[in-house]
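Undergrad: Take a look at the following structure, please.
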Amino acid sequence: MLARLFPSRTISFSVCTLALLLFAASCKDSSSSSPTGPAASATVSGTVIRGGAISGATPQGMEIGLSGVTVTVTSTGQSAMTDASGNFTLTGVAAGEVELELKRSDFKVKIKITVPAGSTVTITISIVGSTAVVTPRGHAGEEIEGPVQSVNAAGSSLVVLDKKLGAVTVKADSTTLFRHGETTLLFSQIQVGMKVHVKALLQTDGSYLATEIKLQDEKIGGEQDVTGPVASVNTAAGSFIVTTVSGPITVKTDSSTTFKKKGSSASFADVVIGSMVEVEATLQADGSVLASKVEIE
């Protein structure tokens with residue numbers, strides 16, 4: 001009788017052991033392939049602005065970051081509220097197609113975005129009527145270009161002298177990109193006299209929040225060539241304005257400036273409206289250039 005019972009117990013034990021092993025393997029596989037695991041999550045960082053057309057575009061410099069907007073991942077309930085500049089950050093967002101709800105007292109809209117696993121997605125969302133439109137980060141807002149007049153390290157801001165806007169206060173935050181070519185920079189590397197190209201959003205206080213600050217090769221005191229037709233002449237100041245492909249540039253002259261016209265010696269009096277000039281100069285702090293040589297065609 002006992003001889004017949006032992007095999008039964010052995011088989012029962014083996015079945016239980018096998019079941020436990022299969023259950024453990026199943027749990028391990030389920031954990032590693034979970035779509036909400038750390039490897040399959042990402043960070044979504046962005047700015048919510050007020051748009052003005054179906055495309056989400058508005059006149060340059062007119063975009064205002066929207067504060068107090070609750071941005072929610074509809075599938076999980078994760079949410080964040082935009083700050084005074086319209087910025088928000090959502091961490092641990094599941095990868096794949098994600099639907100966001102943007103809600104404030106004056107609007108409630110939804111939009112879908114694609115989130116790659118393990119990445120940081122940076123977007124600008126324009127609120128256009130009862131819809132939301134994703135626009136490329138750094139392409140909404142004003143583009144500011146000119147020499148840096150001052151740097152406020154404590155306030156993470158700088159003053160840039162733009163040809164159109166004049167002296168502009170540009171602020172940076174944790175989402176601002178600093179670049180020189182393909183090299184990433186730090187805010188601390190921006191110095192007075194450097195020439196920068198800034199992509200930014202107008203803020204309610206009249207300053208601009210930069211999405212990107214790109215350092216250009218020109219620097220105050222550095223050499224700069226100016227070519228184009230003469231648009232106007234100020235004889236009393238010894239200066240003239242040249243229309244270039246990047247905009248009008250004021251060319252100043254002094255006693256050390258040399259003038260040439262078709263290979264012969266010339267003078268400031270030979271600079272007239274409509275004449276083509278090639279100028280060798282140095283960049284000045286006010287955005288003008290001081291000419292060392294002017295060739296008149």
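A note on labels: chains of the structure tokens are A, B, ... as shown, every chain counts residues from 1, and ligands are counted from 1 in their shown order.
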Env of A:Gly92: 7 Å cut, atoms = only C-alpha atoms, seq-sep filter 2 positions within chain, self excluded. Answer as an MDAnalysis selection string.
TA: chainID A and resid 41:43 90 94
Undergrad: Restricting it to C-alpha atoms, dump the selection as a PDB file, in the first residue's frame.
TA:
```
ATOM      1  CA  SER A  41       9.121  56.093 -19.634  1.00  0.00           C
ATOM      2  CA  ALA A  42      10.172  59.592 -20.663  1.00  0.00           C
ATOM      3  CA  THR A  43      10.035  63.259 -19.682  1.00  0.00           C
ATOM      4  CA  LEU A  90       5.913  65.862 -16.792  1.00  0.00           C
ATOM      5  CA  ALA A  94       4.732  56.160 -20.656  1.00  0.00           C
TER       6      ALA A  94
END
```
Undergrad: Taking 2 positions as the minimum chain separation for residues in the same chain, which residues sit within 8 Å of stretch 265-275 of chain A when counting only C-alpha atoms? Answer as a PyMOL selection string.
TA: chain A and resi 229-233+238+258-261+263+277+296-297
Undergrad: Put those residues in a file: N, CA and C atoms, as a CSV table (one decimal), in the first residue's frame.
TA:
```csv
chain,number,residue,atom,x,y,z
A,229,PRO,N,24.6,98.1,-51.1
A,229,PRO,CA,24.4,99.4,-51.5
A,229,PRO,C,24.2,100.4,-50.3
A,230,VAL,N,24.6,101.6,-50.5
A,230,VAL,CA,24.5,102.7,-49.5
A,230,VAL,C,23.1,103.2,-49.5
A,231,ALA,N,22.4,103.1,-48.3
A,231,ALA,CA,21.0,103.5,-48.2
A,231,ALA,C,20.9,105.0,-47.8
A,232,SER,N,21.8,105.4,-46.9
A,232,SER,CA,21.8,106.8,-46.5
A,232,SER,C,23.2,107.2,-46.0
A,233,VAL,N,23.4,108.6,-46.0
A,233,VAL,CA,24.8,109.1,-45.6
A,233,VAL,C,24.6,110.2,-44.6
A,238,GLY,N,30.0,111.4,-40.1
A,238,GLY,CA,31.0,110.6,-40.8
A,238,GLY,C,30.6,109.1,-40.9
A,258,THR,N,40.5,104.3,-44.6
A,258,THR,CA,41.0,104.6,-46.0
A,258,THR,C,39.9,104.4,-47.0
A,259,PHE,N,39.8,105.2,-48.0
A,259,PHE,CA,38.8,105.0,-49.1
A,259,PHE,C,39.4,104.8,-50.4
A,260,LYS,N,38.8,103.8,-51.2
A,260,LYS,CA,39.3,103.5,-52.5
A,260,LYS,C,38.1,103.5,-53.4
A,261,LYS,N,38.3,104.0,-54.7
A,261,LYS,CA,37.2,104.0,-55.7
A,261,LYS,C,37.8,103.5,-57.0
A,263,GLY,N,40.1,101.4,-57.5
A,263,GLY,CA,41.6,101.2,-57.4
A,263,GLY,C,42.3,102.5,-57.1
A,277,VAL,N,29.4,99.3,-51.9
A,277,VAL,CA,30.6,99.4,-51.1
A,277,VAL,C,31.0,98.0,-50.6
A,296,ILE,N,34.7,101.6,-52.9
A,296,ILE,CA,33.5,102.1,-53.6
A,296,ILE,C,33.6,101.6,-55.0
A,297,GLU,N,32.5,100.9,-55.4
A,297,GLU,CA,32.5,100.4,-56.8
A,297,GLU,C,31.8,101.4,-57.7
```
Undergrad: Return the single residue from A:Thr235, A:Thr72, A:Thr47, A:Thr257 that is closest to A:Ala200, with distances computed using only C-alpha atoms.
TA: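 Result for the nearest residue to A:Ala200: A:Thr47.
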Undergrad: Report as a ChimeraX atom specification all protein, DNA and RNA residues lying within 12 Å of A:Asp173, evaluated on only C-alpha atoms, omitting residues in the same chain fewer than 4 positions from it.
TA: /A:46-47,83,85-88,153-157,177-178,186-187,200,208-213
Undergrad: So that I have them on file, write out the residues from the current selection with C-alpha atoms, as a JSON list (two decimals), in the first residue's frame.
TA:
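What landed in selection-v3.json:
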```json
[["chain", "number", "residue", "atom", "x", "y", "z"],
["A", 46, "GLY", "CA", 7.27, 72.25, -22.93],
["A", 47, "THR", "CA", 5.74, 75.70, -23.13],
["A", 83, "ASP", "CA", 4.48, 78.54, -14.47],
["A", 85, "SER", "CA", 6.21, 81.77, -18.45],
["A", 86, "GLY", "CA", 3.96, 78.93, -19.61],
["A", 87, "ASN", "CA", 6.51, 76.18, -18.91],
["A", 88, "PHE", "CA", 5.66, 72.69, -17.59],
["A", 153, "ALA", "CA", 24.45, 85.71, -13.87],
["A", 154, "ALA", "CA", 22.31, 85.69, -10.72],
["A", 155, "GLY", "CA", 19.13, 86.37, -12.70],
["A", 156, "SER", "CA", 20.10, 84.15, -15.67],
["A", 157, "SER", "CA", 19.46, 87.03, -18.04],
["A", 177, "LEU", "CA", 19.55, 75.55, -25.14],
["A", 178, "PHE", "CA", 22.99, 77.21, -25.47],
["A", 186, "LEU", "CA", 26.57, 76.88, -20.47],
["A", 187, "PHE", "CA", 25.04, 80.24, -19.55],
["A", 200, "ALA", "CA", 12.50, 83.49, -27.60],
["A", 208, "TYR", "CA", 11.89, 87.50, -23.70],
["A", 209, "LEU", "CA", 12.24, 83.91, -22.47],
["A", 210, "ALA", "CA", 14.84, 82.18, -24.65],
["A", 211, "THR", "CA", 14.26, 78.70, -26.03],
["A", 212, "GLU", "CA", 17.66, 78.81, -27.74],
["A", 213, "ILE", "CA", 20.72, 81.08, -27.56]]
```
Undergrad: Identify, on the basis of only C-alpha atoms, every residue whose closest approach to A:Thr120 does not exceed 10 Å; exclude the query and any residue fewer than 2 positions from it along the same chain; express the result as a PyMOL selection string.
TA: chain A and resi 41-45+89-91+93+115-118+122-123
Undergrad: Could you write out that same residue set with C-alpha atoms as a PDB file, in the first residue's frame?
TA:
```
ATOM      1  CA  SER A  41       9.121  56.093 -19.634  1.00  0.00           C
ATOM      2  CA  ALA A  42      10.172  59.592 -20.663  1.00  0.00           C
ATOM      3  CA  THR A  43      10.035  63.259 -19.682  1.00  0.00           C
ATOM      4  CA  VAL A  44       7.812  65.747 -21.505  1.00  0.00           C
ATOM      5  CA  SER A  45       8.920  69.369 -21.132  1.00  0.00           C
ATOM      6  CA  THR A  89       7.413  69.349 -17.048  1.00  0.00           C
ATOM      7  CA  LEU A  90       5.913  65.862 -16.792  1.00  0.00           C
ATOM      8  CA  THR A  91       8.187  62.996 -15.681  1.00  0.00           C
ATOM      9  CA  VAL A  93       5.355  59.507 -18.920  1.00  0.00           C
ATOM     10  CA  VAL A 115       6.868  60.037 -26.777  1.00  0.00           C
ATOM     11  CA  PRO A 116       9.992  57.882 -27.454  1.00  0.00           C
ATOM     12  CA  ALA A 117      11.089  55.679 -24.536  1.00  0.00           C
ATOM     13  CA  GLY A 118      13.850  56.989 -22.294  1.00  0.00           C
ATOM     14  CA  THR A 122      10.553  69.280 -25.608  1.00  0.00           C
ATOM     15  CA  ILE A 123       7.577  70.930 -27.319  1.00  0.00           C
TER      16      ILE A 123
END
```
Undergrad: So how far away is atom CA of A:Lys164 from atom CA of A:Asn234, in Å?
TA: 19.9 Å
Undergrad: Can you tell me how far atom CA of A:Leu290 sits from atom CA of A:Ile249, in Å to one decimal?
TA: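 Atom CA of A:Leu290 sits 10.7 Å away from atom CA of A:Ile249.
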Undergrad: Run DSSP on the backbone and tell me which residues of stretch 83-287 of chain A come out as strand (DSSP E or B); list them as number ranges by chain.
TA: A: 87-94, 96-104, 107-115, 120-128, 131-135, 142-152, 157-162, 166-171, 177-180, 183-184, 194-202, 208-219, 223-234, 239-244, 247-252, 258-261, 264-266, 276-283
Undergrad: For the residues selected in the previous step, produce a file with C-alpha atoms as a compact mmCIF listing (two decimals), in the first residue's frame.
TA:
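Okay, this is what ended up in again37.txt:
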```txt
# COMPACT_ATOMS: atom_id res chain seq x y z
CA ASN A 87 6.51 76.18 -18.91
CA PHE A 88 5.66 72.69 -17.59
CA THR A 89 7.41 69.35 -17.05
CA LEU A 90 5.91 65.86 -16.79
CA THR A 91 8.19 63.00 -15.68
CA GLY A 92 7.66 59.24 -15.91
CA VAL A 93 5.35 59.51 -18.92
CA ALA A 94 4.73 56.16 -20.66
CA GLY A 96 4.14 55.74 -27.23
CA GLU A 97 1.24 57.91 -28.34
CA VAL A 98 0.17 60.08 -25.42
CA GLU A 99 -2.91 62.26 -25.16
CA LEU A 100 -2.55 65.48 -23.18
CA GLU A 101 -5.39 67.58 -21.83
CA LEU A 102 -4.70 71.31 -21.35
CA LYS A 103 -7.18 73.01 -19.09
CA ARG A 104 -7.67 76.50 -17.71
CA PHE A 107 -10.26 76.72 -22.37
CA LYS A 108 -10.09 72.93 -22.29
CA VAL A 109 -8.37 71.18 -25.21
CA LYS A 110 -6.67 67.86 -25.96
CA ILE A 111 -3.72 66.97 -28.15
CA LYS A 112 -1.79 63.80 -28.99
CA ILE A 113 2.00 63.56 -29.09
CA THR A 114 4.49 60.74 -29.66
CA VAL A 115 6.87 60.04 -26.78
CA THR A 120 13.14 64.05 -23.03
CA VAL A 121 10.53 65.47 -25.39
CA THR A 122 10.55 69.28 -25.61
CA ILE A 123 7.58 70.93 -27.32
CA THR A 124 5.73 74.20 -27.69
CA ILE A 125 1.94 73.93 -27.69
CA SER A 126 -0.07 76.80 -29.19
CA ILE A 127 -3.65 77.25 -28.01
CA VAL A 128 -5.67 78.23 -31.10
CA THR A 131 -7.79 73.44 -30.44
CA ALA A 132 -4.14 72.89 -29.58
CA VAL A 133 -1.29 72.79 -32.13
CA VAL A 134 2.25 71.54 -31.57
CA THR A 135 4.84 73.88 -33.07
CA GLU A 142 10.80 86.50 -31.78
CA GLU A 143 14.27 86.04 -33.23
CA ILE A 144 16.76 88.44 -31.64
CA GLU A 145 20.27 89.02 -32.91
CA GLY A 146 23.06 91.31 -31.80
CA PRO A 147 25.93 91.86 -29.36
CA VAL A 148 25.53 91.12 -25.64
CA GLN A 149 25.62 94.40 -23.69
CA SER A 150 25.37 93.00 -20.18
CA VAL A 151 25.07 89.68 -18.33
CA ASN A 152 23.16 89.06 -15.09
CA SER A 157 19.46 87.03 -18.04
CA LEU A 158 21.33 89.19 -20.50
CA VAL A 159 20.71 92.34 -22.51
CA VAL A 160 21.09 91.99 -26.29
CA LEU A 161 21.18 94.95 -28.68
CA ASP A 162 18.89 93.97 -31.55
CA GLY A 166 16.89 97.89 -29.51
CA ALA A 167 18.14 96.78 -26.10
CA VAL A 168 16.25 93.60 -25.18
CA THR A 169 16.29 91.67 -21.90
CA VAL A 170 16.62 87.96 -22.61
CA LYS A 171 15.97 85.47 -19.80
CA LEU A 177 19.55 75.55 -25.14
CA PHE A 178 22.99 77.21 -25.47
CA ARG A 179 24.99 76.33 -28.57
CA HIS A 180 27.98 77.33 -30.64
CA THR A 183 28.74 72.36 -29.31
CA THR A 184 26.57 72.73 -26.21
CA MET A 194 29.69 88.23 -27.91
CA LYS A 195 27.18 88.25 -30.75
CA VAL A 196 24.22 85.92 -30.25
CA HIS A 197 21.16 84.75 -32.14
CA VAL A 198 18.22 84.17 -29.80
CA LYS A 199 14.89 82.39 -30.32
CA ALA A 200 12.50 83.49 -27.60
CA LEU A 201 8.93 84.07 -26.43
CA LEU A 202 7.66 87.49 -25.36
CA TYR A 208 11.89 87.50 -23.70
CA LEU A 209 12.24 83.91 -22.47
CA ALA A 210 14.84 82.18 -24.65
CA THR A 211 14.26 78.70 -26.03
CA GLU A 212 17.66 78.81 -27.74
CA ILE A 213 20.72 81.08 -27.56
CA LYS A 214 23.24 80.48 -30.32
CA LEU A 215 26.68 82.05 -30.05
CA GLN A 216 27.94 83.47 -33.33
CA ASP A 217 31.55 83.98 -34.34
CA GLU A 218 31.40 87.77 -34.34
CA LYS A 219 32.54 89.60 -31.22
CA GLU A 223 36.60 91.82 -37.82
CA GLN A 224 33.46 92.06 -39.90
CA ASP A 225 32.99 92.60 -43.65
CA VAL A 226 30.01 94.60 -44.89
CA THR A 227 28.88 94.56 -48.52
CA GLY A 228 25.90 96.21 -50.17
CA PRO A 229 24.39 99.44 -51.50
CA VAL A 230 24.52 102.66 -49.48
CA ALA A 231 21.04 103.52 -48.19
CA SER A 232 21.81 106.84 -46.49
CA VAL A 233 24.75 109.09 -45.61
CA ASN A 234 25.33 111.22 -42.48
CA SER A 239 28.81 107.50 -41.14
CA PHE A 240 26.55 105.77 -43.64
CA ILE A 241 24.06 102.90 -43.67
CA VAL A 242 24.57 99.86 -45.91
CA THR A 243 21.72 97.51 -46.82
CA THR A 244 22.97 93.92 -46.41
CA GLY A 247 19.60 93.93 -42.61
CA PRO A 248 20.84 97.53 -42.47
CA ILE A 249 24.23 98.15 -40.85
CA THR A 250 25.60 101.51 -39.75
CA VAL A 251 29.18 102.02 -40.91
CA LYS A 252 31.20 104.59 -38.98
CA THR A 258 41.01 104.63 -45.99
CA PHE A 259 38.79 105.03 -49.07
CA LYS A 260 39.30 103.53 -52.51
CA LYS A 261 37.21 103.96 -55.67
CA SER A 264 42.22 104.96 -56.90
CA SER A 265 42.32 106.99 -53.70
CA ALA A 266 38.97 108.42 -52.63
CA MET A 276 27.99 99.70 -53.86
CA VAL A 277 30.60 99.39 -51.15
CA GLU A 278 32.79 96.71 -49.64
CA VAL A 279 33.81 97.55 -46.08
CA GLU A 280 36.44 96.02 -43.82
CA ALA A 281 35.51 96.90 -40.24
CA THR A 282 35.33 95.92 -36.57
CA LEU A 283 32.11 95.32 -34.65
```
